$ cat final_21.cif   # mmCIF, C-alpha atoms (C1' of nucleotides)
data_data
#
loop_
_atom_site.group_PDB
_atom_site.id
_atom_site.type_symbol
_atom_site.label_atom_id
_atom_site.label_comp_id
_atom_site.auth_asym_id
_atom_site.auth_seq_id
_atom_site.Cartn_x
_atom_site.Cartn_y
_atom_site.Cartn_z
ATOM 1 C CA MET A 1 -16.829 -3.615 -0.549
ATOM 2 C CA THR A 2 -15.671 -6.900 -2.018
ATOM 3 C CA ASP A 3 -15.640 -6.069 -5.730
ATOM 4 C CA GLN A 4 -12.556 -4.870 -7.554
ATOM 5 C CA LEU A 5 -13.824 -1.392 -8.334
ATOM 6 C CA SER A 6 -14.776 -0.753 -4.701
ATOM 7 C CA ARG A 7 -11.374 -1.931 -3.525
ATOM 8 C CA ALA A 8 -9.663 0.266 -6.134
ATOM 9 C CA PHE A 9 -11.560 3.429 -5.194
ATOM 10 C CA GLN A 10 -11.086 2.631 -1.516
ATOM 11 C CA ALA A 11 -7.358 2.191 -2.112
ATOM 12 C CA LEU A 12 -6.997 5.612 -3.751
ATOM 13 C CA ALA A 13 -9.076 7.299 -1.031
ATOM 14 C CA ASP A 14 -5.961 7.516 1.142
ATOM 15 C CA PRO A 15 -3.436 10.315 0.423
ATOM 16 C CA THR A 16 -0.453 8.182 1.419
ATOM 17 C CA ARG A 17 -1.543 5.425 -0.974
ATOM 18 C CA ARG A 18 -2.136 7.946 -3.768
ATOM 19 C CA ASP A 19 1.358 9.269 -3.175
ATOM 20 C CA LEU A 20 2.767 5.744 -3.353
ATOM 21 C CA VAL A 21 1.044 5.288 -6.713
ATOM 22 C CA ALA A 22 2.360 8.662 -7.880
ATOM 23 C CA ARG A 23 5.930 7.772 -6.945
ATOM 24 C CA LEU A 24 5.736 4.339 -8.544
ATOM 25 C CA ALA A 25 4.412 5.962 -11.723
ATOM 26 C CA ALA A 26 7.209 8.542 -11.734
ATOM 27 C CA ASP A 27 10.163 6.450 -10.606
ATOM 28 C CA GLY A 28 9.222 2.881 -11.473
ATOM 29 C CA ASP A 29 9.486 -0.172 -9.226
ATOM 30 C CA ALA A 30 10.756 0.312 -5.681
ATOM 31 C CA SER A 31 11.296 -1.668 -2.487
ATOM 32 C CA VAL A 32 9.037 -1.386 0.548
ATOM 33 C CA GLY A 33 11.806 0.252 2.553
ATOM 34 C CA ASP A 34 12.520 2.883 -0.085
ATOM 35 C CA LEU A 35 8.818 3.573 -0.464
ATOM 36 C CA ALA A 36 8.369 3.921 3.302
ATOM 37 C CA ALA A 37 11.338 6.253 3.856
ATOM 38 C CA PRO A 38 9.694 9.644 3.137
ATOM 39 C CA TYR A 39 6.683 9.103 5.390
ATOM 40 C CA ASP A 40 6.343 9.763 9.075
ATOM 41 C CA VAL A 41 4.902 6.318 9.830
ATOM 42 C CA THR A 42 6.419 2.899 10.484
ATOM 43 C CA VAL A 43 7.451 0.620 7.639
ATOM 44 C CA GLN A 44 4.762 -1.810 8.825
ATOM 45 C CA ALA A 45 2.094 0.802 8.175
ATOM 46 C CA VAL A 46 3.399 1.324 4.641
ATOM 47 C CA SER A 47 3.517 -2.443 4.149
ATOM 48 C CA LYS A 48 -0.192 -2.486 5.061
ATOM 49 C CA HIS A 49 -0.909 0.306 2.569
ATOM 50 C CA LEU A 50 0.877 -1.693 -0.121
ATOM 51 C CA LYS A 51 -1.206 -4.729 0.768
ATOM 52 C CA VAL A 52 -4.367 -2.680 0.228
ATOM 53 C CA LEU A 53 -3.053 -1.501 -3.152
ATOM 54 C CA GLU A 54 -2.118 -5.068 -4.058
ATOM 55 C CA GLU A 55 -5.540 -6.478 -3.127
ATOM 56 C CA ALA A 56 -7.063 -3.757 -5.289
ATOM 57 C CA GLY A 57 -4.897 -4.974 -8.175
ATOM 58 C CA LEU A 58 -3.111 -1.625 -8.401
ATOM 59 C CA VAL A 59 0.342 -3.005 -7.650
ATOM 60 C CA SER A 60 2.081 -6.361 -7.798
ATOM 61 C CA ARG A 61 5.191 -7.646 -6.072
ATOM 62 C CA SER A 62 8.039 -9.825 -7.240
ATOM 63 C CA ARG A 63 11.158 -10.942 -5.425
ATOM 64 C CA ASP A 64 14.735 -9.703 -5.654
ATOM 65 C CA ALA A 65 16.857 -11.289 -2.897
ATOM 66 C CA GLN A 66 15.499 -9.933 0.417
ATOM 67 C CA ARG A 67 13.567 -7.210 -1.338
ATOM 68 C CA ARG A 68 10.006 -7.363 -2.676
ATOM 69 C CA PRO A 69 9.999 -4.757 -5.458
ATOM 70 C CA VAL A 70 6.597 -3.117 -5.850
ATOM 71 C CA HIS A 71 5.325 -2.646 -9.387
ATOM 72 C CA LEU A 72 2.477 -0.378 -10.484
ATOM 73 C CA GLU A 73 -0.196 -2.102 -12.601
ATOM 74 C CA ALA A 74 -2.010 0.303 -14.924
ATOM 75 C CA GLU A 75 -4.970 -1.920 -15.825
ATOM 76 C CA VAL A 76 -7.102 -1.166 -12.799
ATOM 77 C CA LEU A 77 -6.423 2.538 -13.272
ATOM 78 C CA ASP A 78 -7.956 2.083 -16.730
ATOM 79 C CA LEU A 79 -10.940 0.278 -15.210
ATOM 80 C CA MET A 80 -11.548 3.231 -12.918
ATOM 81 C CA THR A 81 -11.293 5.879 -15.612
ATOM 82 C CA LYS A 82 -13.659 3.859 -17.770
ATOM 83 C CA TRP A 83 -16.236 3.672 -14.987
ATOM 84 C CA ILE A 84 -16.081 7.412 -14.409
ATOM 85 C CA ALA A 85 -15.977 8.316 -18.097
ATOM 86 C CA ARG A 86 -19.086 6.256 -18.749
ATOM 87 C CA TYR A 87 -21.257 8.252 -16.370
ATOM 88 C CA ARG A 88 -19.534 11.486 -17.205
ATOM 89 C CA GLN A 89 -20.571 10.811 -20.797
ATOM 90 C CA GLN A 90 -24.143 9.913 -19.857
ATOM 91 C CA VAL A 91 -24.486 13.286 -18.173
ATOM 92 C CA GLU A 92 -23.378 14.990 -21.370
ATOM 93 C CA GLU A 93 -25.726 12.895 -23.482
ATOM 94 C CA ARG A 94 -28.627 13.792 -21.239
ATOM 95 C CA PHE A 95 -27.757 17.441 -21.686
ATOM 96 C CA SER A 96 -27.707 16.966 -25.443
ATOM 97 C CA ARG A 97 -31.132 15.360 -25.389
ATOM 98 C CA LEU A 98 -32.377 18.158 -23.140
ATOM 99 C CA ASP A 99 -31.024 20.683 -25.610
ATOM 100 C CA ALA A 100 -32.798 18.804 -28.401
ATOM 101 C CA VAL A 101 -36.063 18.844 -26.455
ATOM 102 C CA LEU A 102 -35.700 22.541 -25.761
ATOM 103 C CA ALA A 103 -34.945 23.152 -29.413
ATOM 104 C CA ALA A 104 -38.023 21.103 -30.387
ATOM 105 C CA MET A 105 -40.112 23.132 -27.953
ATOM 106 C CA ASP A 106 -38.840 26.347 -29.497
ATOM 107 C CA GLU A 107 -39.738 25.021 -32.912
ATOM 108 C CA SER A 108 -43.141 23.939 -31.627
ATOM 109 C CA ASP A 109 -43.623 27.438 -30.200
ATOM 110 C CA ASP A 110 -42.761 28.855 -33.609
ATOM 111 C CA ASN A 111 -45.286 26.485 -35.201
ATOM 112 C CA ASP A 112 -47.952 27.437 -32.678
ATOM 113 C CA GLU A 113 -47.276 31.074 -33.356
ATOM 114 C CA ALA A 114 -47.370 30.417 -37.075
ATOM 115 C CA GLU A 115 -50.600 28.443 -36.778
ATOM 116 C CA GLY A 116 -52.031 31.133 -34.542
ATOM 117 C CA ALA A 117 -51.069 33.728 -37.097
ATOM 118 C CA ALA A 118 -52.553 31.595 -39.907
ATOM 119 C CA SER A 119 -55.951 31.063 -38.288
ATOM 120 C CA MET B 1 -8.870 12.069 4.469
ATOM 121 C CA THR B 2 -9.907 15.715 4.498
ATOM 122 C CA ASP B 3 -9.006 16.730 0.953
ATOM 123 C CA GLN B 4 -11.477 16.722 -1.914
ATOM 124 C CA LEU B 5 -9.856 13.934 -3.905
ATOM 125 C CA SER B 6 -9.767 11.613 -0.898
ATOM 126 C CA ARG B 7 -13.414 12.309 -0.147
ATOM 127 C CA ALA B 8 -14.332 11.709 -3.803
ATOM 128 C CA PHE B 9 -12.519 8.355 -4.051
ATOM 129 C CA GLN B 10 -13.903 7.369 -0.670
ATOM 130 C CA ALA B 11 -17.411 8.258 -1.848
ATOM 131 C CA LEU B 12 -17.151 6.044 -4.929
ATOM 132 C CA ALA B 13 -15.699 3.148 -2.927
ATOM 133 C CA ASP B 14 -19.237 2.124 -1.919
ATOM 134 C CA PRO B 15 -21.342 0.159 -4.478
ATOM 135 C CA THR B 16 -24.601 1.764 -3.347
ATOM 136 C CA ARG B 17 -23.122 5.230 -3.795
ATOM 137 C CA ARG B 18 -21.710 4.301 -7.210
ATOM 138 C CA ASP B 19 -25.177 3.089 -8.176
ATOM 139 C CA LEU B 20 -26.694 6.365 -7.003
ATOM 140 C CA VAL B 21 -24.235 8.234 -9.222
ATOM 141 C CA ALA B 22 -25.021 5.898 -12.126
ATOM 142 C CA ARG B 23 -28.761 6.465 -11.772
ATOM 143 C CA LEU B 24 -28.387 10.227 -11.453
ATOM 144 C CA ALA B 25 -26.236 10.202 -14.591
ATOM 145 C CA ALA B 26 -28.791 8.128 -16.498
ATOM 146 C CA ASP B 27 -32.047 9.622 -15.258
ATOM 147 C CA GLY B 28 -31.122 13.098 -14.076
ATOM 148 C CA ASP B 29 -32.132 14.769 -10.808
ATOM 149 C CA ALA B 30 -34.195 12.770 -8.328
ATOM 150 C CA SER B 31 -35.614 13.056 -4.816
ATOM 151 C CA VAL B 32 -34.134 11.225 -1.833
ATOM 152 C CA GLY B 33 -37.214 9.023 -1.570
ATOM 153 C CA ASP B 34 -37.101 7.997 -5.223
ATOM 154 C CA LEU B 35 -33.392 7.305 -4.982
ATOM 155 C CA ALA B 36 -33.857 5.201 -1.845
ATOM 156 C CA ALA B 37 -36.733 3.090 -3.202
ATOM 157 C CA PRO B 38 -34.769 0.345 -5.022
ATOM 158 C CA TYR B 39 -32.436 -0.444 -2.127
ATOM 159 C CA ASP B 40 -32.987 -2.782 0.763
ATOM 160 C CA VAL B 41 -31.970 -0.197 3.369
ATOM 161 C CA THR B 42 -33.791 2.604 5.170
ATOM 162 C CA VAL B 43 -34.227 6.005 3.592
ATOM 163 C CA GLN B 44 -32.055 7.393 6.400
ATOM 164 C CA ALA B 45 -29.164 5.241 5.249
ATOM 165 C CA VAL B 46 -29.533 6.546 1.700
ATOM 166 C CA SER B 47 -29.729 10.094 3.049
ATOM 167 C CA LYS B 48 -26.379 9.453 4.737
ATOM 168 C CA HIS B 49 -24.914 8.131 1.474
ATOM 169 C CA LEU B 50 -26.093 11.269 -0.291
ATOM 170 C CA LYS B 51 -24.468 13.386 2.397
ATOM 171 C CA VAL B 52 -21.168 11.628 1.728
ATOM 172 C CA LEU B 53 -21.544 12.270 -2.014
ATOM 173 C CA GLU B 54 -22.444 15.888 -1.317
ATOM 174 C CA GLU B 55 -19.441 16.462 0.959
ATOM 175 C CA ALA B 56 -17.271 15.000 -1.810
ATOM 176 C CA GLY B 57 -18.751 17.570 -4.196
ATOM 177 C CA LEU B 58 -20.215 14.845 -6.397
ATOM 178 C CA VAL B 59 -23.826 15.921 -5.938
ATOM 179 C CA SER B 60 -25.657 19.069 -4.910
ATOM 180 C CA ARG B 61 -29.150 19.579 -3.591
ATOM 181 C CA SER B 62 -31.745 22.254 -4.200
ATOM 182 C CA ARG B 63 -35.280 22.577 -2.894
ATOM 183 C CA ASP B 64 -38.616 21.832 -4.522
ATOM 184 C CA ALA B 65 -41.419 22.080 -1.940
ATOM 185 C CA GLN B 66 -40.853 19.238 0.552
ATOM 186 C CA ARG B 67 -38.408 17.529 -1.760
ATOM 187 C CA ARG B 68 -34.636 18.066 -1.971
ATOM 188 C CA PRO B 69 -33.784 17.089 -5.556
ATOM 189 C CA VAL B 70 -30.322 15.590 -5.855
ATOM 190 C CA HIS B 71 -28.199 16.751 -8.775
ATOM 191 C CA LEU B 72 -25.035 15.089 -10.091
ATOM 192 C CA GLU B 73 -22.044 17.419 -10.430
ATOM 193 C CA ALA B 74 -19.589 16.301 -13.105
ATOM 194 C CA GLU B 75 -16.644 18.499 -12.122
ATOM 195 C CA VAL B 76 -15.264 16.277 -9.395
ATOM 196 C CA LEU B 77 -15.572 13.269 -11.711
ATOM 197 C CA ASP B 78 -13.293 15.195 -14.054
ATOM 198 C CA LEU B 79 -10.876 15.880 -11.203
ATOM 199 C CA MET B 80 -10.665 12.165 -10.505
ATOM 200 C CA THR B 81 -10.112 11.126 -14.120
ATOM 201 C CA LYS B 82 -7.421 13.781 -14.434
ATOM 202 C CA TRP B 83 -5.615 12.476 -11.372
ATOM 203 C CA ILE B 84 -5.658 8.928 -12.685
ATOM 204 C CA ALA B 85 -4.824 9.881 -16.276
ATOM 205 C CA ARG B 86 -1.773 11.802 -15.107
ATOM 206 C CA TYR B 87 -0.121 8.799 -13.506
ATOM 207 C CA ARG B 88 -1.385 6.450 -16.171
ATOM 208 C CA GLN B 89 0.442 8.670 -18.634
ATOM 209 C CA GLN B 90 3.619 8.791 -16.560
ATOM 210 C CA VAL B 91 3.748 4.999 -16.644
ATOM 211 C CA GLU B 92 3.545 5.065 -20.431
ATOM 212 C CA GLU B 93 6.203 7.750 -20.682
ATOM 213 C CA ARG B 94 8.536 5.727 -18.516
ATOM 214 C CA PHE B 95 7.999 2.763 -20.812
ATOM 215 C CA SER B 96 8.805 4.956 -23.811
ATOM 216 C CA ARG B 97 12.044 6.109 -22.215
ATOM 217 C CA LEU B 98 12.875 2.523 -21.337
ATOM 218 C CA ASP B 99 12.249 1.525 -24.958
ATOM 219 C CA ALA B 100 14.504 4.375 -26.071
ATOM 220 C CA VAL B 101 17.251 3.196 -23.730
ATOM 221 C CA LEU B 102 16.900 -0.370 -24.941
ATOM 222 C CA ALA B 103 16.979 0.841 -28.553
ATOM 223 C CA ALA B 104 20.119 2.859 -27.806
ATOM 224 C CA MET B 105 21.707 -0.218 -26.241
ATOM 225 C CA ASP B 106 20.870 -2.238 -29.354
ATOM 226 C CA GLU B 107 22.383 0.479 -31.517
ATOM 227 C CA SER B 108 25.454 0.523 -29.311
ATOM 228 C CA ASP B 109 25.734 -3.256 -29.718
ATOM 229 C CA ASP B 110 25.493 -2.831 -33.487
ATOM 230 C CA ASN B 111 28.247 -0.202 -33.375
ATOM 231 C CA ASP B 112 30.448 -2.459 -31.295
ATOM 232 C CA GLU B 113 29.902 -5.259 -33.755
ATOM 233 C CA ALA B 114 30.563 -2.926 -36.691
ATOM 234 C CA GLU B 115 33.730 -1.595 -35.064
ATOM 235 C CA GLY B 116 34.817 -5.121 -34.292
ATOM 236 C CA ALA B 117 34.226 -6.096 -37.913
ATOM 237 C CA ALA B 118 36.109 -3.013 -39.168
ATOM 238 C CA SER B 119 39.235 -3.547 -37.095
ATOM 239 C "C1'" DT C 1 -53.964 25.955 12.229
ATOM 240 C "C1'" DC C 2 -53.463 20.830 11.850
ATOM 241 C "C1'" DG C 3 -52.239 16.632 9.867
ATOM 242 C "C1'" DT C 4 -49.200 14.698 6.597
ATOM 243 C "C1'" DC C 5 -45.352 13.891 3.708
ATOM 244 C "C1'" DA C 6 -40.161 14.155 2.745
ATOM 245 C "C1'" DT C 7 -36.099 14.620 4.829
ATOM 246 C "C1'" DT C 8 -32.701 14.983 8.403
ATOM 247 C "C1'" DC C 9 -30.834 14.664 13.178
ATOM 248 C "C1'" DA C 10 -29.389 11.882 17.252
ATOM 249 C "C1'" DA C 11 -27.987 8.017 19.607
ATOM 250 C "C1'" DC C 12 -26.546 3.676 19.287
ATOM 251 C "C1'" DC C 13 -24.109 -0.769 17.420
ATOM 252 C "C1'" DA C 14 -20.902 -3.978 14.942
ATOM 253 C "C1'" DA C 15 -17.351 -4.089 11.636
ATOM 254 C "C1'" DT C 16 -13.435 -2.006 9.375
ATOM 255 C "C1'" DA C 17 -9.369 1.144 8.789
ATOM 256 C "C1'" DG C 18 -5.083 3.041 9.953
ATOM 257 C "C1'" DG C 19 -1.850 3.228 13.197
ATOM 258 C "C1'" DT C 20 1.314 1.271 16.887
ATOM 259 C "C1'" DT C 21 4.831 -2.284 19.070
ATOM 260 C "C1'" DG C 22 6.946 -6.735 19.207
ATOM 261 C "C1'" DA C 23 7.852 -11.187 17.258
ATOM 262 C "C1'" DA C 24 8.427 -14.238 13.173
ATOM 263 C "C1'" DT C 25 10.030 -15.251 8.552
ATOM 264 C "C1'" DG C 26 13.260 -15.608 4.890
ATOM 265 C "C1'" DA C 27 17.370 -14.632 2.085
ATOM 266 C "C1'" DC C 28 22.013 -13.049 2.139
ATOM 267 C "C1'" DG C 29 27.000 -12.520 3.289
ATOM 268 C "C1'" DA C 30 30.860 -13.707 6.490
ATOM 269 C "C1'" DT D 1 25.964 -21.873 10.516
ATOM 270 C "C1'" DC D 2 25.133 -17.180 12.479
ATOM 271 C "C1'" DG D 3 24.086 -12.495 12.483
ATOM 272 C "C1'" DT D 4 21.802 -9.144 9.795
ATOM 273 C "C1'" DC D 5 18.733 -6.883 6.761
ATOM 274 C "C1'" DA D 6 13.976 -6.452 4.515
ATOM 275 C "C1'" DT D 7 9.556 -7.632 5.062
ATOM 276 C "C1'" DT D 8 5.413 -9.471 7.052
ATOM 277 C "C1'" DC D 9 2.442 -11.360 10.787
ATOM 278 C "C1'" DA D 10 -0.098 -10.765 15.187
ATOM 279 C "C1'" DA D 11 -2.242 -8.412 18.710
ATOM 280 C "C1'" DC D 12 -3.897 -4.376 20.181
ATOM 281 C "C1'" DC D 13 -6.009 0.558 20.232
ATOM 282 C "C1'" DT D 14 -8.902 4.397 18.603
ATOM 283 C "C1'" DA D 15 -11.636 6.616 15.072
ATOM 284 C "C1'" DT D 16 -14.654 6.059 11.277
ATOM 285 C "C1'" DT D 17 -18.204 3.701 8.503
ATOM 286 C "C1'" DG D 18 -22.582 1.872 7.285
ATOM 287 C "C1'" DG D 19 -26.403 0.450 9.215
ATOM 288 C "C1'" DT D 20 -30.433 0.655 12.579
ATOM 289 C "C1'" DT D 21 -34.596 2.973 15.279
ATOM 290 C "C1'" DG D 22 -36.979 6.944 16.997
ATOM 291 C "C1'" DA D 23 -37.649 11.825 17.261
ATOM 292 C "C1'" DA D 24 -37.384 16.489 15.147
ATOM 293 C "C1'" DT D 25 -37.817 19.692 11.323
ATOM 294 C "C1'" DG D 26 -40.002 21.987 7.646
ATOM 295 C "C1'" DA D 27 -43.203 22.806 3.800
ATOM 296 C "C1'" DC D 28 -47.566 21.792 1.915
ATOM 297 C "C1'" DG D 29 -52.679 21.243 1.405
ATOM 298 C "C1'" DA D 30 -57.286 21.082 3.743
#

$ encode --input "final_21.cif" --output "structure tokens"
Amino acid sequence: MTDQLSRAFQALADPTRRDLVARLAADGDASVGDLAAPYDVTVQAVSKHLKVLEEAGLVSRSRDAQRRPVHLEAEVLDLMTKWIARYRQQVEERFSRLDAVLAAMDESDDNDEAEGAAS
Amino acid sequence: MTDQLSRAFQALADPTRRDLVARLAADGDASVGDLAAPYDVTVQAVSKHLKVLEEAGLVSRSRDAQRRPVHLEAEVLDLMTKWIARYRQQVEERFSRLDAVLAAMDESDDNDEAEGAAS
DNA sequence: TCGTCATTCAACCAATAGGTTGAATGACGA
DNA sequence: TCGTCATTCAACCTATTGGTTGAATGACGA
């Protein structure tokens, strides 16, 4: 689980972390304290969640006085969608080829019938 | 971690499981034994991986004599891309609004300058 | 019916995840 | 410089994960 994609999927496997991403997407950058407020866990727990998101490359942090504003990075989200889309597409392409094969078989059946009728 | 989306992201957080999905997408349905062959782990371990994928709704299994062919289900992949795309899009929309605000500020500056020049 | 093949179940193990509390760090504002 | 606020580090706990081995299940084919 050391590669980026694994860390990214792992990061979004937690509902609290998905909600953090959702809020950052909707409201823009926010401090750890503000982000932690709505949840029923300690601020330390949320800080850990943010660390997981950061190590996955999903968020970054800057500094603003005592605060460490959290910023959502969209690139890794793109990476993830591309991974999924690739295999999603392969499935469709396989179906297309299967359809083509089935169509060819139909045609072949027609030919056989035609040949049978001709002999 | 009981909801579908969490289980799906969790399932794809493992490289072996992502590879299983990739192979099923490329080659179509396959038996547990065939799927397990390339990896350096026991067939039981792969069976467990497939169970995780199945509980996430990413694959289904039927029966063919002794074999239990594994079939990739694309729906949950769609669910995942939709989740990501939604927040990806929100980020872009926020940028657009920010651009609009900045543009409005520029315009306001122009007006101020114009008014200043007119007085 | 018996042996065999494909798969899963069960019990176990080490490592990791998500949470806690308490202490440390680091940047202000008085 | 001192107290305070925001955040992180450290140590700890329990549950889960990914792996193992060994036994059970279940469907053929002889």

$ interface_residues --input "final_21.cif" --of "chain A" --to "chain C" --cutoff "10 Å" --atoms "all atoms listed in the file" --output "list in words"
Asp14, Val41, Thr42, Gln44, Ala45, Lys48, His49, Asp64, Ala65, Gln66 and Arg67 of chain A

$ residues_around --input "final_21.cif" --residues "Ala26 (chain A)" --least-positions-apart "5" --cutoff "8 Å" --atoms "all atoms listed in the file" --output "count of residues only"
4

$ resolve_selection --input "final_21.cif" --expression "the PyMOL selection byres ((chain A) within 12 of (chain B))" --output "VMD selection string"
chain A and resid 1 to 29 56 58 71 to 95 97 to 98

$ atom_distance --input "final_21.cif" --atom1 "CA of Arg61 (chain B)" --atom2 "C1' of DG18 (chain D)"
21.8 Å

$ resolve_selection --input "final_21.cif" --expression "the PyMOL selection byres ((chain D) within 8 of (chain B))" --output "JSON, numbers by chain"
{"D": [18, 19, 26, 27, 28]}

$ closest_residue --input "final_21.cif" --among "B:Met105, B:Val32, B:Ser96, B:Val43" --to "Ser62 (chain B)" --atoms "all atoms listed in the file"
B:Val32

$ axis_aligned_box --input "final_21.cif" --around "region 17-23 of chain B" --padding-each-side "8 Å" --output "JSON"
{"center_x": -25.2, "center_y": 5.7, "center_z": -8.0, "size_x": 23.1, "size_y": 21.1, "size_z": 24.3}

$ atom_distance --input "final_21.cif" --atom1 "CA of Ala37 (chain A)" --atom2 "C1' of DC2 (chain D)"
28.5 Å

$ atom_distance --input "final_21.cif" --atom1 "CA of Gly33 (chain A)" --atom2 "C1' of DT7 (chain D)"
8.6 Å

$ residues_around --input "final_21.cif" --residues "Leu35 (chain A)" --least-positions-apart "4" --cutoff "8 Å" --atoms "all atoms listed in the file" --output "PDB file with C-alpha atoms, in the coordinates of the input"
ATOM      1  CA  LEU A  20       2.767   5.744  -3.353  1.00  0.00           C
ATOM      2  CA  ALA A  30      10.756   0.312  -5.681  1.00  0.00           C
ATOM      3  CA  SER A  31      11.296  -1.668  -2.487  1.00  0.00           C
ATOM      4  CA  VAL A  46       3.399   1.324   4.641  1.00  0.00           C
TER       5      VAL A  46
END

$ decode --input "final_21.cif" --residues "region 38-96 of chain B" --atoms "C-alpha atoms" --output "mmCIF file, in the first residue's frame"
data_model
loop_
_atom_site.group_PDB
_atom_site.id
_atom_site.type_symbol
_atom_site.label_atom_id
_atom_site.label_comp_id
_atom_site.auth_asym_id
_atom_site.auth_seq_id
_atom_site.Cartn_x
_atom_site.Cartn_y
_atom_site.Cartn_z
ATOM 1 C CA PRO B 38 0.077 -15.072 -11.418
ATOM 2 C CA TYR B 39 0.414 -13.970 -7.795
ATOM 3 C CA ASP B 40 2.916 -15.090 -5.224
ATOM 4 C CA VAL B 41 0.260 -15.797 -2.588
ATOM 5 C CA THR B 42 -1.987 -18.757 -1.821
ATOM 6 C CA VAL B 43 -5.252 -19.275 -3.642
ATOM 7 C CA GLN B 44 -7.000 -18.768 -0.292
ATOM 8 C CA ALA B 45 -5.604 -15.258 -0.079
ATOM 9 C CA VAL B 46 -6.914 -14.465 -3.556
ATOM 10 C CA SER B 47 -10.275 -15.966 -2.607
ATOM 11 C CA LYS B 48 -10.355 -13.512 0.301
ATOM 12 C CA HIS B 49 -9.517 -10.617 -2.034
ATOM 13 C CA LEU B 50 -12.364 -11.664 -4.305
ATOM 14 C CA LYS B 51 -14.700 -11.757 -1.324
ATOM 15 C CA VAL B 52 -13.764 -8.162 -0.530
ATOM 16 C CA LEU B 53 -14.435 -7.152 -4.148
ATOM 17 C CA GLU B 54 -17.726 -9.036 -4.079
ATOM 18 C CA GLU B 55 -18.889 -7.396 -0.840
ATOM 19 C CA ALA B 56 -18.057 -4.038 -2.437
ATOM 20 C CA GLY B 57 -20.304 -4.979 -5.360
ATOM 21 C CA LEU B 58 -17.397 -4.800 -7.795
ATOM 22 C CA VAL B 59 -17.605 -8.436 -8.863
ATOM 23 C CA SER B 60 -20.215 -11.176 -8.830
ATOM 24 C CA ARG B 61 -19.870 -14.923 -9.030
ATOM 25 C CA SER B 62 -21.902 -17.587 -10.771
ATOM 26 C CA ARG B 63 -21.366 -21.325 -10.989
ATOM 27 C CA ASP B 64 -19.938 -23.481 -13.754
ATOM 28 C CA ALA B 65 -19.450 -27.058 -12.508
ATOM 29 C CA GLN B 66 -16.726 -26.911 -9.831
ATOM 30 C CA ARG B 67 -15.701 -23.435 -10.883
ATOM 31 C CA ARG B 68 -17.090 -20.113 -9.620
ATOM 32 C CA PRO B 69 -16.460 -17.712 -12.513
ATOM 33 C CA VAL B 70 -15.800 -14.178 -11.331
ATOM 34 C CA HIS B 71 -17.516 -11.386 -13.240
ATOM 35 C CA LEU B 72 -16.666 -7.676 -13.099
ATOM 36 C CA GLU B 73 -19.626 -5.398 -12.367
ATOM 37 C CA ALA B 74 -19.191 -1.899 -13.784
ATOM 38 C CA GLU B 75 -21.967 -0.158 -11.851
ATOM 39 C CA VAL B 76 -20.023 0.480 -8.675
ATOM 40 C CA LEU B 77 -17.107 1.797 -10.741
ATOM 41 C CA ASP B 78 -19.583 4.328 -12.104
ATOM 42 C CA LEU B 79 -20.700 5.193 -8.576
ATOM 43 C CA MET B 80 -17.109 5.931 -7.633
ATOM 44 C CA THR B 81 -16.350 8.093 -10.667
ATOM 45 C CA LYS B 82 -19.558 10.021 -10.051
ATOM 46 C CA TRP B 83 -18.592 10.701 -6.453
ATOM 47 C CA ILE B 84 -15.176 11.975 -7.462
ATOM 48 C CA ALA B 85 -16.419 13.934 -10.483
ATOM 49 C CA ARG B 86 -18.943 15.756 -8.321
ATOM 50 C CA TYR B 87 -16.341 17.259 -6.023
ATOM 51 C CA ARG B 88 -13.860 17.717 -8.825
ATOM 52 C CA GLN B 89 -16.523 19.828 -10.494
ATOM 53 C CA GLN B 90 -17.292 21.804 -7.345
ATOM 54 C CA VAL B 91 -13.635 22.797 -7.146
ATOM 55 C CA GLU B 92 -13.785 24.107 -10.703
ATOM 56 C CA GLU B 93 -17.012 25.975 -10.043
ATOM 57 C CA ARG B 94 -15.499 27.641 -7.016
ATOM 58 C CA PHE B 95 -12.573 28.736 -9.157
ATOM 59 C CA SER B 96 -14.996 30.158 -11.719
#
